[in-house]
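Next comes structure.cif, with mmCIF, C-alpha atoms; chains and numbers go by the auth columns.
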```
data_run
#
loop_
_atom_site.group_PDB
_atom_site.id
_atom_site.type_symbol
_atom_site.label_atom_id
_atom_site.label_comp_id
_atom_site.label_asym_id
_atom_site.label_seq_id
_atom_site.Cartn_x
_atom_site.Cartn_y
_atom_site.Cartn_z
_atom_site.B_iso_or_equiv
_atom_site.auth_seq_id
_atom_site.auth_asym_id
ATOM 1 C CA MET A 1 -18.707 89.962 -131.203 0.00 22 C
ATOM 2 C CA ALA A 2 -20.039 90.943 -134.608 0.00 23 C
ATOM 3 C CA HIS A 3 -19.995 89.388 -138.052 0.00 24 C
ATOM 4 C CA ILE A 4 -20.720 90.719 -141.525 0.00 25 C
ATOM 5 C CA LEU A 5 -20.425 87.719 -143.796 0.00 26 C
ATOM 6 C CA PRO A 6 -21.605 86.618 -147.210 0.00 27 C
ATOM 7 C CA HIS A 7 -24.528 84.215 -147.024 0.00 28 C
ATOM 8 C CA TYR A 8 -24.033 81.270 -149.346 0.00 29 C
ATOM 9 C CA SER A 9 -25.964 78.532 -147.542 0.00 30 C
ATOM 10 C CA SER A 10 -26.945 75.333 -149.240 0.00 31 C
ATOM 11 C CA PRO A 11 -30.645 74.452 -149.497 0.00 32 C
ATOM 12 C CA TYR A 12 -29.574 70.911 -148.627 0.00 33 C
ATOM 13 C CA ALA A 13 -28.044 72.011 -145.328 0.00 34 C
ATOM 14 C CA PRO A 14 -30.522 74.428 -143.697 0.00 35 C
ATOM 15 C CA ASN A 15 -28.765 74.342 -140.336 0.00 36 C
ATOM 16 C CA LEU A 16 -26.789 76.843 -138.286 0.00 37 C
ATOM 17 C CA TYR A 17 -23.834 76.430 -140.653 0.00 38 C
ATOM 18 C CA ASP A 18 -23.774 75.691 -144.345 0.00 39 C
ATOM 19 C CA LEU A 19 -21.732 72.929 -145.961 0.00 40 C
ATOM 20 C CA SER A 20 -18.547 74.977 -145.910 0.00 41 C
ATOM 21 C CA ASN A 21 -18.853 76.003 -142.239 0.00 42 C
ATOM 22 C CA ASP A 22 -20.149 79.516 -142.968 0.00 43 C
ATOM 23 C CA PRO A 23 -22.665 80.754 -140.361 0.00 44 C
ATOM 24 C CA ASN A 24 -26.211 81.100 -141.626 0.00 45 C
ATOM 25 C CA SER A 25 -28.520 83.833 -140.378 0.00 46 C
ATOM 26 C CA ALA A 26 -30.063 81.562 -137.740 0.00 47 C
ATOM 27 C CA THR A 27 -26.722 81.482 -135.947 0.00 48 C
ATOM 28 C CA SER A 28 -27.345 85.041 -134.730 0.00 49 C
ATOM 29 C CA LEU A 29 -30.777 84.449 -133.201 0.00 50 C
ATOM 30 C CA ASN A 30 -31.892 83.762 -129.638 0.00 51 C
ATOM 31 C CA ILE A 31 -28.463 84.032 -128.086 0.00 52 C
ATOM 32 C CA SER A 32 -27.197 85.999 -125.099 0.00 53 C
ATOM 33 C CA THR A 33 -23.847 87.142 -126.497 0.00 54 C
ATOM 34 C CA PRO A 34 -23.676 90.319 -128.629 0.00 55 C
ATOM 35 C CA THR A 35 -23.742 89.055 -132.202 0.00 56 C
ATOM 36 C CA LEU A 36 -25.153 90.237 -135.486 0.00 57 C
ATOM 37 C CA TYR A 37 -25.223 88.960 -139.039 0.00 58 C
ATOM 38 C CA ALA A 38 -25.611 91.398 -141.924 0.00 59 C
ATOM 39 C CA GLY A 39 -26.892 89.719 -145.082 0.00 60 C
ATOM 40 C CA PHE A 40 -24.860 91.964 -147.352 0.00 61 C
ATOM 41 C CA LEU A 41 -21.684 91.417 -149.329 0.00 62 C
ATOM 42 C CA GLY A 42 -19.773 94.609 -149.968 0.00 63 C
ATOM 43 C CA THR A 43 -18.678 93.939 -153.553 0.00 64 C
ATOM 44 C CA TRP A 44 -21.588 94.219 -155.978 0.00 65 C
ATOM 45 C CA PRO A 45 -20.253 95.789 -159.211 0.00 66 C
ATOM 46 C CA ASP A 46 -23.646 95.708 -160.940 0.00 67 C
ATOM 47 C CA ARG A 47 -25.475 97.461 -158.079 0.00 68 C
ATOM 48 C CA LEU A 48 -23.696 100.840 -158.163 0.00 69 C
ATOM 49 C CA ASN A 49 -26.263 103.686 -157.717 0.00 70 C
ATOM 50 C CA ARG A 50 -29.103 101.168 -157.532 0.00 71 C
ATOM 51 C CA ALA A 51 -31.396 100.386 -154.594 0.00 72 C
ATOM 52 C CA THR A 52 -29.946 97.390 -152.752 0.00 73 C
ATOM 53 C CA PRO A 53 -31.547 95.749 -149.695 0.00 74 C
ATOM 54 C CA VAL A 54 -29.554 95.257 -146.499 0.00 75 C
ATOM 55 C CA HIS A 55 -30.793 92.789 -143.878 0.00 76 C
ATOM 56 C CA VAL A 56 -29.303 92.511 -140.391 0.00 77 C
ATOM 57 C CA PHE A 57 -30.051 89.373 -138.378 0.00 78 C
ATOM 58 C CA SER A 58 -29.665 89.893 -134.645 0.00 79 C
ATOM 59 C CA ALA A 59 -31.293 89.323 -131.265 0.00 80 C
ATOM 60 C CA ALA A 60 -30.749 93.014 -130.490 0.00 81 C
ATOM 61 C CA ASP A 61 -33.673 95.401 -129.854 0.00 82 C
ATOM 62 C CA GLU A 62 -32.582 98.152 -132.242 0.00 83 C
ATOM 63 C CA ALA A 63 -30.177 98.669 -135.120 0.00 84 C
ATOM 64 C CA GLU A 64 -28.880 101.714 -136.977 0.00 85 C
ATOM 65 C CA LEU A 65 -27.312 101.506 -140.414 0.00 86 C
ATOM 66 C CA PHE A 66 -24.739 103.966 -141.786 0.00 87 C
ATOM 67 C CA LEU A 67 -23.537 104.338 -145.366 0.00 88 C
ATOM 68 C CA ASN A 68 -20.368 106.428 -145.596 0.00 89 C
ATOM 69 C CA ALA A 69 -21.040 107.791 -142.078 0.00 90 C
ATOM 70 C CA LYS A 70 -24.563 108.943 -142.988 0.00 91 C
ATOM 71 C CA SER A 71 -27.379 107.312 -141.026 0.00 92 C
ATOM 72 C CA GLN A 72 -29.863 105.309 -143.068 0.00 93 C
ATOM 73 C CA GLY A 73 -32.238 105.091 -140.112 0.00 94 C
ATOM 74 C CA ARG A 74 -32.519 103.401 -136.745 0.00 95 C
ATOM 75 C CA LYS A 75 -35.023 100.566 -136.553 0.00 96 C
ATOM 76 C CA GLN A 76 -36.668 98.597 -133.764 0.00 97 C
ATOM 77 C CA ARG A 77 -37.176 94.856 -133.969 0.00 98 C
ATOM 78 C CA ASP A 78 -40.568 93.418 -133.133 0.00 99 C
ATOM 79 C CA ALA A 79 -40.535 90.373 -130.867 0.00 100 C
ATOM 80 C CA SER A 80 -42.001 88.251 -133.663 0.00 101 C
ATOM 81 C CA THR A 81 -39.332 89.159 -136.221 0.00 102 C
ATOM 82 C CA TYR A 82 -35.741 88.001 -136.594 0.00 103 C
ATOM 83 C CA ARG A 83 -34.110 90.754 -138.633 0.00 104 C
ATOM 84 C CA PHE A 84 -33.839 94.443 -139.387 0.00 105 C
ATOM 85 C CA ARG A 85 -34.463 95.537 -142.983 0.00 106 C
ATOM 86 C CA TRP A 86 -33.398 98.504 -145.072 0.00 107 C
ATOM 87 C CA ASP A 87 -34.779 97.724 -148.516 0.00 108 C
ATOM 88 C CA ASN A 88 -33.823 100.816 -150.502 0.00 109 C
ATOM 89 C CA ILE A 89 -30.190 101.586 -149.739 0.00 110 C
ATOM 90 C CA ILE A 90 -28.536 103.189 -152.765 0.00 111 C
ATOM 91 C CA TYR A 91 -25.328 101.248 -153.310 0.00 112 C
ATOM 92 C CA GLN A 92 -22.233 103.465 -153.170 0.00 113 C
ATOM 93 C CA ALA A 93 -18.532 102.816 -152.813 0.00 114 C
ATOM 94 C CA GLY A 94 -17.234 103.362 -149.287 0.00 115 C
ATOM 95 C CA GLU A 95 -18.285 101.744 -146.007 0.00 116 C
ATOM 96 C CA LEU A 96 -21.467 100.206 -144.691 0.00 117 C
ATOM 97 C CA HIS A 97 -21.604 100.205 -140.884 0.00 118 C
ATOM 98 C CA VAL A 98 -24.262 98.777 -138.575 0.00 119 C
ATOM 99 C CA VAL A 99 -24.674 99.298 -134.815 0.00 120 C
ATOM 100 C CA THR A 100 -27.095 97.240 -132.724 0.00 121 C
ATOM 101 C CA TYR A 101 -28.527 98.046 -129.285 0.00 122 C
ATOM 102 C CA LYS A 102 -29.884 95.892 -126.464 0.00 123 C
ATOM 103 C CA ASN A 103 -31.901 97.475 -123.648 0.00 124 C
ATOM 104 C CA GLY A 104 -30.773 100.894 -124.856 0.00 125 C
ATOM 105 C CA THR A 105 -27.055 100.019 -124.717 0.00 126 C
ATOM 106 C CA LYS A 106 -24.756 99.530 -127.692 0.00 127 C
ATOM 107 C CA TRP A 107 -24.491 95.777 -128.204 0.00 128 C
ATOM 108 C CA ALA A 108 -22.631 94.795 -131.387 0.00 129 C
ATOM 109 C CA GLU A 109 -21.336 96.564 -134.472 0.00 130 C
ATOM 110 C CA ASP A 110 -19.370 95.871 -137.618 0.00 131 C
ATOM 111 C CA THR A 111 -18.330 97.421 -140.919 0.00 132 C
ATOM 112 C CA VAL A 112 -18.079 96.132 -144.468 0.00 133 C
ATOM 113 C CA ARG A 113 -16.373 97.954 -147.312 0.00 134 C
ATOM 114 C CA THR A 114 -18.595 98.652 -150.275 0.00 135 C
ATOM 115 C CA CYS A 115 -16.722 98.786 -153.526 0.00 136 C
ATOM 116 C CA THR A 116 -16.383 97.430 -157.016 0.00 137 C
ATOM 117 C CA SER A 117 -13.699 94.776 -156.989 0.00 138 C
ATOM 118 C CA GLY A 118 -11.155 94.048 -159.681 0.00 139 C
ATOM 119 C CA ALA A 119 -10.118 90.716 -161.111 0.00 140 C
ATOM 120 C CA ALA A 120 -9.053 87.833 -158.881 0.00 141 C
ATOM 121 C CA ALA A 121 -5.377 88.309 -158.039 0.00 142 C
ATOM 122 C CA LYS A 122 -4.635 86.937 -154.557 0.00 143 C
ATOM 123 C CA LEU A 123 -5.556 84.153 -152.170 0.00 144 C
ATOM 124 C CA GLU A 124 -5.854 84.866 -148.462 0.00 145 C
ATOM 125 C CA ILE A 125 -5.665 81.796 -146.224 0.00 146 C
ATOM 126 C CA SER A 126 -6.598 81.500 -142.542 0.00 147 C
ATOM 127 C CA ALA A 127 -7.233 78.694 -140.044 0.00 148 C
ATOM 128 C CA ASP A 128 -9.809 78.515 -137.277 0.00 149 C
ATOM 129 C CA ARG A 129 -7.095 76.898 -135.133 0.00 150 C
ATOM 130 C CA THR A 130 -3.366 76.450 -135.628 0.00 151 C
ATOM 131 C CA LYS A 131 -2.794 73.786 -132.976 0.00 152 C
ATOM 132 C CA ILE A 132 -4.634 70.464 -132.998 0.00 153 C
ATOM 133 C CA LYS A 133 -4.002 67.073 -131.427 0.00 154 C
ATOM 134 C CA PRO A 134 -2.366 64.355 -133.571 0.00 155 C
ATOM 135 C CA ASP A 135 -5.171 61.890 -132.872 0.00 156 C
ATOM 136 C CA GLY A 136 -6.788 61.942 -136.302 0.00 157 C
ATOM 137 C CA LEU A 137 -9.972 63.342 -134.766 0.00 158 C
ATOM 138 C CA ASN A 138 -9.098 66.997 -134.192 0.00 159 C
ATOM 139 C CA LEU A 139 -9.594 69.103 -137.302 0.00 160 C
ATOM 140 C CA SER A 140 -8.491 72.510 -138.532 0.00 161 C
ATOM 141 C CA PHE A 141 -10.813 74.387 -140.904 0.00 162 C
ATOM 142 C CA ILE A 142 -8.801 76.350 -143.467 0.00 163 C
ATOM 143 C CA THR A 143 -10.632 79.187 -145.227 0.00 164 C
ATOM 144 C CA VAL A 144 -9.376 80.722 -148.464 0.00 165 C
ATOM 145 C CA LYS A 145 -10.714 84.024 -149.803 0.00 166 C
ATOM 146 C CA VAL A 146 -10.176 85.232 -153.364 0.00 167 C
ATOM 147 C CA LEU A 147 -9.101 88.904 -153.394 0.00 168 C
ATOM 148 C CA ASP A 148 -8.278 91.531 -155.994 0.00 169 C
ATOM 149 C CA ASN A 149 -5.051 93.578 -156.016 0.00 170 C
ATOM 150 C CA GLU A 150 -6.535 96.034 -153.506 0.00 171 C
ATOM 151 C CA GLY A 151 -7.454 93.309 -151.034 0.00 172 C
ATOM 152 C CA ASN A 152 -11.193 93.416 -151.760 0.00 173 C
ATOM 153 C CA MET A 153 -13.283 90.268 -151.903 0.00 174 C
ATOM 154 C CA VAL A 154 -14.178 89.046 -155.393 0.00 175 C
ATOM 155 C CA PRO A 155 -17.598 87.419 -154.856 0.00 176 C
ATOM 156 C CA GLU A 156 -17.984 86.338 -158.474 0.00 177 C
ATOM 157 C CA ALA A 157 -14.661 84.445 -158.378 0.00 178 C
ATOM 158 C CA SER A 158 -14.830 80.760 -159.280 0.00 179 C
ATOM 159 C CA ASN A 159 -11.095 80.072 -159.637 0.00 180 C
ATOM 160 C CA LYS A 160 -9.876 76.549 -158.987 0.00 181 C
ATOM 161 C CA VAL A 161 -7.890 76.334 -155.737 0.00 182 C
ATOM 162 C CA VAL A 162 -5.501 73.457 -155.028 0.00 183 C
ATOM 163 C CA PHE A 163 -4.487 72.565 -151.463 0.00 184 C
ATOM 164 C CA SER A 164 -1.266 70.805 -150.486 0.00 185 C
ATOM 165 C CA VAL A 165 0.153 69.761 -147.122 0.00 186 C
ATOM 166 C CA THR A 166 3.778 69.445 -146.040 0.00 187 C
ATOM 167 C CA GLY A 167 4.484 67.424 -142.899 0.00 188 C
ATOM 168 C CA ALA A 168 2.449 64.917 -140.910 0.00 189 C
ATOM 169 C CA GLY A 169 -0.955 66.128 -142.025 0.00 190 C
ATOM 170 C CA GLU A 170 -3.513 65.635 -144.759 0.00 191 C
ATOM 171 C CA VAL A 171 -6.494 67.294 -146.374 0.00 192 C
ATOM 172 C CA VAL A 172 -9.573 65.390 -145.213 0.00 193 C
ATOM 173 C CA ALA A 173 -12.096 67.293 -147.318 0.00 194 C
ATOM 174 C CA THR A 174 -12.763 70.459 -149.283 0.00 195 C
ATOM 175 C CA ASP A 175 -15.989 72.375 -149.935 0.00 196 C
ATOM 176 C CA ASN A 176 -17.310 75.741 -151.060 0.00 197 C
ATOM 177 C CA GLY A 177 -20.980 75.817 -150.020 0.00 198 C
ATOM 178 C CA ASP A 178 -22.196 75.423 -153.606 0.00 199 C
ATOM 179 C CA PRO A 179 -24.962 72.756 -153.716 0.00 200 C
ATOM 180 C CA THR A 180 -24.451 72.317 -157.469 0.00 201 C
ATOM 181 C CA ASP A 181 -20.761 71.390 -157.104 0.00 202 C
ATOM 182 C CA PHE A 182 -20.478 67.603 -157.199 0.00 203 C
ATOM 183 C CA THR A 183 -16.709 67.453 -156.703 0.00 204 C
ATOM 184 C CA SER A 184 -15.839 64.719 -154.201 0.00 205 C
ATOM 185 C CA PHE A 185 -15.458 65.993 -150.634 0.00 206 C
ATOM 186 C CA GLY A 186 -12.164 64.101 -150.507 0.00 207 C
ATOM 187 C CA SER A 187 -10.672 66.092 -153.372 0.00 208 C
ATOM 188 C CA SER A 188 -7.741 68.394 -152.586 0.00 209 C
ATOM 189 C CA GLU A 189 -8.853 70.899 -155.220 0.00 210 C
ATOM 190 C CA ARG A 190 -12.092 72.809 -155.661 0.00 211 C
ATOM 191 C CA LYS A 191 -13.465 75.867 -157.417 0.00 212 C
ATOM 192 C CA ALA A 192 -14.240 78.935 -155.339 0.00 213 C
ATOM 193 C CA PHE A 193 -17.881 79.846 -154.778 0.00 214 C
ATOM 194 C CA LYS A 194 -18.748 83.444 -153.904 0.00 215 C
ATOM 195 C CA GLY A 195 -14.982 83.926 -153.568 0.00 216 C
ATOM 196 C CA PHE A 196 -14.573 81.291 -150.837 0.00 217 C
ATOM 197 C CA VAL A 197 -13.106 77.796 -150.535 0.00 218 C
ATOM 198 C CA LEU A 198 -12.752 75.615 -147.442 0.00 219 C
ATOM 199 C CA ALA A 199 -10.302 72.802 -146.651 0.00 220 C
ATOM 200 C CA ILE A 200 -10.408 70.535 -143.593 0.00 221 C
ATOM 201 C CA VAL A 201 -7.039 69.289 -142.345 0.00 222 C
ATOM 202 C CA ARG A 202 -5.996 66.786 -139.682 0.00 223 C
ATOM 203 C CA ILE A 203 -2.692 65.587 -138.212 0.00 224 C
ATOM 204 C CA THR A 204 -1.860 62.004 -139.119 0.00 225 C
ATOM 205 C CA GLU A 205 0.852 61.298 -136.534 0.00 226 C
ATOM 206 C CA ALA A 206 2.808 62.902 -133.721 0.00 227 C
ATOM 207 C CA ASP A 207 5.659 64.953 -135.143 0.00 228 C
ATOM 208 C CA PRO A 208 7.512 67.934 -133.631 0.00 229 C
ATOM 209 C CA HIS A 209 7.752 69.649 -136.996 0.00 230 C
ATOM 210 C CA PRO A 210 5.010 72.042 -138.150 0.00 231 C
ATOM 211 C CA VAL A 211 2.408 71.056 -140.709 0.00 232 C
ATOM 212 C CA ILE A 212 2.230 73.597 -143.532 0.00 233 C
ATOM 213 C CA VAL A 213 -0.928 73.990 -145.616 0.00 234 C
ATOM 214 C CA LYS A 214 -0.674 75.814 -148.929 0.00 235 C
ATOM 215 C CA ALA A 215 -3.334 76.967 -151.365 0.00 236 C
ATOM 216 C CA SER A 216 -2.611 77.850 -154.975 0.00 237 C
ATOM 217 C CA GLY A 217 -4.647 78.938 -157.979 0.00 238 C
ATOM 218 C CA ASP A 218 -4.059 79.624 -161.658 0.00 239 C
ATOM 219 C CA ARG A 219 -2.586 83.115 -162.106 0.00 240 C
ATOM 220 C CA ILE A 220 -3.386 83.953 -158.483 0.00 241 C
ATOM 221 C CA GLU A 221 -0.788 85.091 -155.960 0.00 242 C
ATOM 222 C CA PHE A 222 -0.730 83.621 -152.457 0.00 243 C
ATOM 223 C CA VAL A 223 -0.775 86.126 -149.569 0.00 244 C
#
```
When written as structure tokens, how does the structure in this file appear?
Amino acid sequence: MAHILPHYSSPYAPNLYDLSNDPNSATSLNISTPTLYAGFLGTWPDRLNRATPVHVFSAADEAELFLNAKSQGRKQRDASTYRFRWDNIIYQAGELHVVTYKNGTKWAEDTVRTCTSGAAAKLEISADRTKIKPDGLNLSFITVKVLDNEGNMVPEASNKVVFSVTGAGEVVATDNGDPTDFTSFGSSERKAFKGFVLAIVRITEADPHPVIVKASGDRIEFV
């Protein structure tokens, strides 16, 4: 299992997950399953042709980084450290790929597209689970990403996203991981932060009909 995710943790929640349920770098440490966390977001319009650091957090022994299929070097991790660092990667459009090794064997790998994104145009919605018990205690975490017309993440997006529920369900809370956003957790609408918004939904009563969660934004298409 491998993850390349944007890191937008809150200084007020320095735990394994930030306020909006995004894994922080510590999530990838001291574990037995093949996991890595690359502290790099692929869409940095102002970094084109400039040196840009890439950090990979992993319990692996070694890691090799590739930019557009060209190796940027294979590094070993000292026992006292918790990450691999490439501090002078020249940002280019294409793909950034990292492969980690444990005891000489390939362990985990992942790829992130490097590009310059366009304007916010679409919302992509996904749920960590699509079936939950109607006991009011089980929750589904709904993640919304703001994308451009080409399907690339728009990390600078701060569009307001409004959630609605049809059926026997309700939005319990929303968040975005931004510690400066004082919108009530109970609000059904929230601005994106780093191109992400989270909603938490629960079932209010037993009902054979599906619960449908929708997300909408001003001048943004739902996908």
Shortest contact to C:Thr121, candidates C:Lys154, C:Lys96, C:Lys166, C:Lys91, atoms counted all atoms listed in the file, goes to C:Lys96
Carefully work through the PyMOL selection byres ((chain C and resi 145) around 9) for this structure and note down the residues it includes, as a ChimeraX atom specification. /C:143-144,146-147,164-168,172,236,243-244
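For the choices C:Val119, C:Val186, C:Met174, C:Ala129, the atom-to-atom distance to C:His76 is smallest for C:Val119 when using all atoms listed in the file.
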Which residues are close to C:Tyr112, i.e. within 12 Å by all atoms listed in the file, leaving aside same-chain residues fewer than 2 positions away? Reply as a PyMOL selection string. chain C and resi 61-75+87-89+93+107-110+114-117+134-137
The centre and edge lengths of an axis-aligned box containing all atoms of stretch 76-85 of chain C present in the file, extended by 5 Å on each side, are to be given in Å to one decimal, as lines of an AutoDock Vina configuration file.
```
center_x = -31.3
center_y = 95.5
center_z = -136.9
size_x = 14.8
size_y = 22.4
size_z = 24.0
```
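Straight-line separation from atom CA of C:Ser179 to atom CA of C:Lys212: 5.4 Å.
Distance-wise, atom CA of C:Val193 and atom CA of C:Ser208 end up 8.3 Å apart.
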Report as an MDAnalysis selection string all protein, DNA and RNA residues lying within 7 Å of C:Asp149, evaluated on all atoms listed in the file, omitting residues in the same chain fewer than 5 positions from it. chainID C and resid 161:163
Suppose we keep C-alpha atoms; can you now write the selection as a compact mmCIF listing (two decimals), keeping the file's coordinate frame?
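And here's out32.txt as it stands now:
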```txt
# COMPACT_ATOMS: atom_id res chain seq x y z
CA SER C 161 -8.49 72.51 -138.53
CA PHE C 162 -10.81 74.39 -140.90
CA ILE C 163 -8.80 76.35 -143.47
```
Expressed in Å, the length from atom CA of C:Glu226 to atom CA of C:Phe206 is 22.1 Å
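Among the candidate residues C:Ile233, C:Val183, C:Ala194, C:Ala178, the one lying nearest to C:Phe214 is C:Ala178, with distances computed using all atoms listed in the file.
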Which polymer residues, protein or nucleic acid, are no farther than 10 Å from (-17.3, 72.5, -149.3), counting all atoms listed in the file, as a tab-separated table (two decimals) with C-alpha atoms, in the frame of the given file?
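Result saved to result_28.tsv:
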```
chain	number	residue	atom	x	y	z
C	39	ASP	CA	-23.77	75.69	-144.34
C	40	LEU	CA	-21.73	72.93	-145.96
C	41	SER	CA	-18.55	74.98	-145.91
C	42	ASN	CA	-18.85	76.00	-142.24
C	43	ASP	CA	-20.15	79.52	-142.97
C	194	ALA	CA	-12.10	67.29	-147.32
C	195	THR	CA	-12.76	70.46	-149.28
C	196	ASP	CA	-15.99	72.38	-149.94
C	197	ASN	CA	-17.31	75.74	-151.06
C	198	GLY	CA	-20.98	75.82	-150.02
C	199	ASP	CA	-22.20	75.42	-153.61
C	200	PRO	CA	-24.96	72.76	-153.72
C	202	ASP	CA	-20.76	71.39	-157.10
C	203	PHE	CA	-20.48	67.60	-157.20
C	204	THR	CA	-16.71	67.45	-156.70
C	205	SER	CA	-15.84	64.72	-154.20
C	206	PHE	CA	-15.46	65.99	-150.63
C	207	GLY	CA	-12.16	64.10	-150.51
C	211	ARG	CA	-12.09	72.81	-155.66
C	212	LYS	CA	-13.46	75.87	-157.42
C	213	ALA	CA	-14.24	78.94	-155.34
C	214	PHE	CA	-17.88	79.85	-154.78
C	217	PHE	CA	-14.57	81.29	-150.84
C	218	VAL	CA	-13.11	77.80	-150.54
C	219	LEU	CA	-12.75	75.61	-147.44
C	220	ALA	CA	-10.30	72.80	-146.65
C	221	ILE	CA	-10.41	70.54	-143.59
```
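Distances to C:Ile241 were evaluated for C:Ile111, C:Val120, C:Ala142, C:Leu158 using all atoms listed in the file, and the minimum falls at C:Ala142.
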Using all atoms listed in the file, the best pick from C:Lys181, C:Gly190, C:Arg104, C:Lys127 as closest to C:Lys152 would be C:Gly190
Review point. Got a sec: who's within 10 Å of C:Asp99, counting all atoms listed in the file, leaving out chain neighbours fewer than 5 positions off, as number ranges by chain?
Key: C: 82-83, 104-105
Shortest contact to C:His118, candidates C:Ala100, C:Leu160, C:Val232, C:Ala84, atoms counted all atoms listed in the file, goes to C:Ala84
Q. Any idea what's packed within 9 Å of C:Ala189, counting only C-alpha atoms, ignoring anything in its chain fewer than 6 positions away? Could you give it as an NGL selection string?
A. :C and (155 or 223-228 or 230-232)
For the residues selected in the previous step, produce a file with C-alpha atoms as a PDB file, in the frame of the given file.
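Saved as part.pdb:
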```pdb
ATOM      1  CA  PRO C 155      -2.366  64.355-133.571  1.00  0.00           C
ATOM      2  CA  ARG C 223      -5.996  66.786-139.682  1.00  0.00           C
ATOM      3  CA  ILE C 224      -2.692  65.587-138.212  1.00  0.00           C
ATOM      4  CA  THR C 225      -1.860  62.004-139.119  1.00  0.00           C
ATOM      5  CA  GLU C 226       0.852  61.298-136.534  1.00  0.00           C
ATOM      6  CA  ALA C 227       2.808  62.902-133.721  1.00  0.00           C
ATOM      7  CA  ASP C 228       5.659  64.953-135.143  1.00  0.00           C
ATOM      8  CA  HIS C 230       7.752  69.649-136.996  1.00  0.00           C
ATOM      9  CA  PRO C 231       5.010  72.042-138.150  1.00  0.00           C
ATOM     10  CA  VAL C 232       2.408  71.056-140.709  1.00  0.00           C
TER      11      VAL C 232
END
```
